[in-house]
Amino acid sequence: MIRDPETLNQLLDSVARFVRERLVPAEQEVAETDEIPPAIVQEMRELGLFGMTIPERFGGLELTMEEECRVLFELCQTAPAFRSIIGTTVGIGSQGILMDGTPEQQAEWLPRLATGEVIASFALTEPEAGSDAASLRTTARLEGDHYIVNGSKRYITNAPHAGMFTLMARTNPADKGAGGVSAFIVDAKSPGISFGKYDVKMGQRGAHTCDVIFDNVRVPAANLIGLKEGQGFKTAMKVLEKGRIHIAAVSVGVARRVLRDALQYAVQRKQFGQPIAEFQLVQALLADSQAELYAAECMVIDAARRRDEGLNVATEASCCKMFATEMVGRVADRAVQILGGAGYMAEYGIERFYRDVRLFRLYEGTTQIQQIIIARNMVREAMR
């Protein structure tokens with residue numbers, strides 16, 4: 001549901017130029033330093049990228065889901081870490097407030113998130129609660145006009161840079177399931193919050209994750225999202241459903257870049273006196289990648305349009321996330337194969353993408369969790 005094609009095309013052109021002129025040249029620096037240059041983060045703020053999904057009345061761009069996906073197709077044709085710095089604010093960090101927050105909560109936080117003044121982070125995963133989000137153990141106990149929060153969160157993206165957390169915690173100890181979980185807005189500067197060391201990851205250098213420890217952190221009762229206990233799991237699932245389409249779009253963008261690099265190499269690299277792109281088995285690798293990329297792109301746009309129309313896209317979102325993230329892994333693997341020995345060398349960058357994209361199949365619901373969601377929805381529909 002594109003509201004204004006001309007404006008969208010201008011934004012897409014600006015993002016593509018930004019990627020080409022600023023992000024791609026900085027990829028090696030980020031890989032070596034594990035840091036995104038502050039000047040680039042500031043340019044992202046100025047482009048409005050932190051506020052892509054936040055309504056215009058709060059200073060955001062208010063992109064539809066389809067528009068967001070098309071921007072991601074362009075933005076993600078570079079190292080995924082660049083998207084990650086805005087991703088938690090654009091998606092899972094701010095959307096809970098937008099979907100279920102009170103007008104007062106929205107007015108207080110969304111304008112600062114839209115400008116990138118505050119970076120949001122989503123604190124859900126725990127040492128013993130990952131795919132089974134309903135089993136989390138972090139507690140929030142009401143005392144007067146504050147909740148006292150205790151617990152630990154693990155692998156929290158952008159936690160070291162966050163100004164606020166959308167936190168999931170158990171407010172009803174007697175309810176061991178999803179009904180006992182509530183969602184909170186937590187100022188990251190609150191006393192009692194501490195951070196573990198940066199996680200050393202397989203890939204995605206420049207995108208930082210770490211543990212977050214809450215030790216008797218006092219959170220105003222007014223920061224309970226929606227001012228309703230027991231709604232946190234529902235909020236998390238709504239946020240993750242949208243986030244799954246987002247990650248699928250990210251996968252499409254990265255796959256475009258990887259395949260383009262592999263094709264360029266195949267056209268230029270010669271063996272036996274001719275470009276390797278003329279060899280049929282190399283062509284098969286290219287063709288399979290192009291077909292899968294096209295399929296994923298079509299799936300993402302279809303699911304995004306359905307969501308923009310107000311339809312239930314729980315199954316479609318999981319289909320997109322599962323297929324697109326698996327697709328980009330296969331494309332990256334084929335790209336290494338096309339480059340041969342060069343694909344294994346850091347000089348060409350393909351090995352970095354090969355490591356970077358492996359994460360897409362894990363976060364915001366693993367491939368196996370998507371399979372369960374899809375199948376359960378199918379069975380539920382068949383039994384009606």
# chains A, B, ... in the order shown; residues from 1 in each chain; ligands from 1
>>> select_by_dssp(residues="region 179-281 of chain A", states="alpha helix (DSSP H)", output="VMD selection string")
chain A and resid 232 to 268 280 to 281
>>> closest_atom_pairs(of="region 87-163 of chain A", to="region 183-197 of chain A", cutoff="8 Å", atoms="only C-alpha atoms", output="tab-separated table")
residue	atom	partner	partner_atom	distance
A:Ala159	CA	A:Phe195	CA	7.9
A:Pro160	CA	A:Phe195	CA	7.2
A:Ala162	CA	A:Ala188	CA	6.3
A:Gly163	CA	A:Ala188	CA	5.0
>>> write_last_selection(atoms="N, CA, C and O atoms", output="PDB file, in the first residue's frame")
ATOM      1  N   ALA A 159      21.805  -3.271  23.164  1.00  0.00           N
ATOM      2  CA  ALA A 159      21.712  -2.969  24.592  1.00  0.00           C
ATOM      3  C   ALA A 159      22.780  -1.973  25.059  1.00  0.00           C
ATOM      4  O   ALA A 159      22.471  -1.065  25.850  1.00  0.00           O
ATOM      5  N   PRO A 160      24.039  -2.079  24.591  1.00  0.00           N
ATOM      6  CA  PRO A 160      25.046  -1.131  25.073  1.00  0.00           C
ATOM      7  C   PRO A 160      24.774   0.314  24.673  1.00  0.00           C
ATOM      8  O   PRO A 160      25.321   1.231  25.281  1.00  0.00           O
ATOM      9  N   ALA A 162      21.481   1.511  24.105  1.00  0.00           N
ATOM     10  CA  ALA A 162      20.058   1.799  24.255  1.00  0.00           C
ATOM     11  C   ALA A 162      19.792   2.937  25.232  1.00  0.00           C
ATOM     12  O   ALA A 162      20.453   3.060  26.265  1.00  0.00           O
ATOM     13  N   GLY A 163      18.799   3.731  24.896  1.00  0.00           N
ATOM     14  CA  GLY A 163      18.286   4.736  25.819  1.00  0.00           C
ATOM     15  C   GLY A 163      17.057   4.237  26.550  1.00  0.00           C
ATOM     16  O   GLY A 163      16.692   4.761  27.597  1.00  0.00           O
TER      17      GLY A 163
END
>>> residues_around(residues="Val328 (chain A)", least_positions_apart="3", cutoff="10 Å", atoms="only C-alpha atoms", output="number ranges by chain")
A: 248, 250-256, 258-259, 289, 292-293, 296, 323-325, 331-334, 353-354, 357-358, 360-361
>>> select_by_dssp(residues="region 85-322 of chain A", states="strand (DSSP E or B)", output="MDAnalysis selection string")
chainID A and resid 120:123 126 129 139:143 146:157 164:170 181:187 193:195 209:220 224 270:271 274:275
>>> residues_around(residues="Asp100 (chain A)", least_positions_apart="3", cutoff="7 Å", atoms="only C-alpha atoms", output="PyMOL selection string")
chain A and resi 96-97+225-226+235
>>> write_last_selection(atoms="C-alpha atoms", output="JSON list (two decimals), in the first residue's frame")
[["chain", "number", "residue", "atom", "x", "y", "z"],
["A", 96, "GLY", "CA", 5.13, -2.28, 21.27],
["A", 97, "ILE", "CA", 4.64, 1.32, 22.39],
["A", 225, "ILE", "CA", 2.65, -0.57, 28.40],
["A", 226, "GLY", "CA", -1.07, 0.01, 27.99],
["A", 235, "THR", "CA", 2.35, -7.36, 22.60]]
>>> closest_residue(among="A:Glu229, A:Glu128, A:Glu66, A:Glu21", to="Ala140 (chain A)", atoms="only C-alpha atoms")
A:Glu229
>>> closest_residue(among="A:Cys210, A:Cys319, A:Val300, A:Leu224", to="Gln370 (chain A)", atoms="only C-alpha atoms")
A:Cys319
>>> residues_around(residues="region 82-85 of chain A", least_positions_apart="5", cutoff="7 Å", atoms="only C-alpha atoms", output="JSON, numbers by chain")
{"A": [76, 158, 207]}
>>> residues_around(residues="region 42-53 of chain A", least_positions_apart="5", cutoff="7 Å", atoms="only C-alpha atoms", output="VMD selection string")
chain A and resid 60 to 63 86 89 to 90 113 to 116
>>> residues_around(residues="region 10-19 of chain A", least_positions_apart="6", cutoff="7 Å", atoms="only C-alpha atoms", output="list in words")
Val71, Glu74, Leu75 and Thr78 of chain A
>>> write_last_selection(atoms="all heavy atoms", output="CSV table (one decimal), in the first residue's frame")
chain,number,residue,atom,x,y,z
A,71,VAL,N,12.3,-0.1,1.3
A,71,VAL,CA,13.5,0.6,1.8
A,71,VAL,C,14.6,-0.3,2.3
A,71,VAL,O,15.8,-0.2,2.0
A,71,VAL,CB,13.1,1.6,2.9
A,71,VAL,CG1,14.3,2.2,3.6
A,71,VAL,CG2,12.3,2.8,2.4
A,74,GLU,N,16.8,-1.8,-0.3
A,74,GLU,CA,18.0,-1.0,-0.7
A,74,GLU,C,19.0,-0.8,0.4
A,74,GLU,O,20.2,-1.0,0.2
A,74,GLU,CB,17.5,0.4,-1.1
A,74,GLU,CG,16.5,0.4,-2.2
A,74,GLU,CD,17.1,0.0,-3.5
A,74,GLU,OE1,18.4,0.1,-3.7
A,74,GLU,OE2,16.4,-0.5,-4.4
A,75,LEU,N,18.5,-0.6,1.6
A,75,LEU,CA,19.4,-0.3,2.8
A,75,LEU,C,20.3,-1.5,3.1
A,75,LEU,O,21.4,-1.4,3.5
A,75,LEU,CB,18.6,0.1,4.0
A,75,LEU,CG,19.4,0.3,5.3
A,75,LEU,CD1,20.3,1.6,5.1
A,75,LEU,CD2,18.4,0.6,6.4
A,78,THR,N,24.4,-4.1,1.9
A,78,THR,CA,25.6,-3.7,2.6
A,78,THR,C,25.7,-4.6,3.8
A,78,THR,O,24.9,-5.4,4.1
A,78,THR,CB,25.7,-2.2,2.9
A,78,THR,OG1,27.0,-1.9,3.4
A,78,THR,CG2,24.7,-1.8,3.9
>>> atom_distance(atom1="CA of Ala375 (chain A)", atom2="CA of Lys321 (chain A)")
14.3 Å
>>> atom_distance(atom1="CA of Ala39 (chain A)", atom2="CA of Gln77 (chain A)")
19.5 Å
>>> closest_residue(among="A:Asp288, A:Asp145, A:Asp199, A:Glu68", to="Arg218 (chain A)", atoms="only C-alpha atoms")
A:Asp145
>>> closest_atom_pairs(of="region 273-312 of chain A", to="region 237-244 of chain A", cutoff="12 Å", atoms="only C-alpha atoms", output="Markdown table")
| residue | atom | partner | partner_atom | distance |
| --- | --- | --- | --- | --- |
| A:Val300 | CA | A:Arg244 | CA | 9.8 |
| A:Ala303 | CA | A:Lys242 | CA | 10.0 |
| A:Ala304 | CA | A:Lys242 | CA | 8.9 |
| A:Arg306 | CA | A:Lys242 | CA | 11.7 |
| A:Arg307 | CA | A:Lys242 | CA | 8.6 |
| A:Asp308 | CA | A:Lys242 | CA | 10.8 |
| A:Asn312 | CA | A:Glu241 | CA | 10.0 |
>>> closest_residue(among="A:Leu167, A:Leu227, A:Ile338, A:Leu311", to="Ile350 (chain A)", atoms="only C-alpha atoms")
A:Ile338
>>> closest_residue(among="A:Ile372, A:Val118, A:Ala31, A:Val217", to="Arg352 (chain A)", atoms="only C-alpha atoms")
A:Ala31
>>> closest_residue(among="A:Gly230, A:Gly329, A:Gly203, A:Pro220", to="Val181 (chain A)", atoms="only C-alpha atoms")
A:Gly230
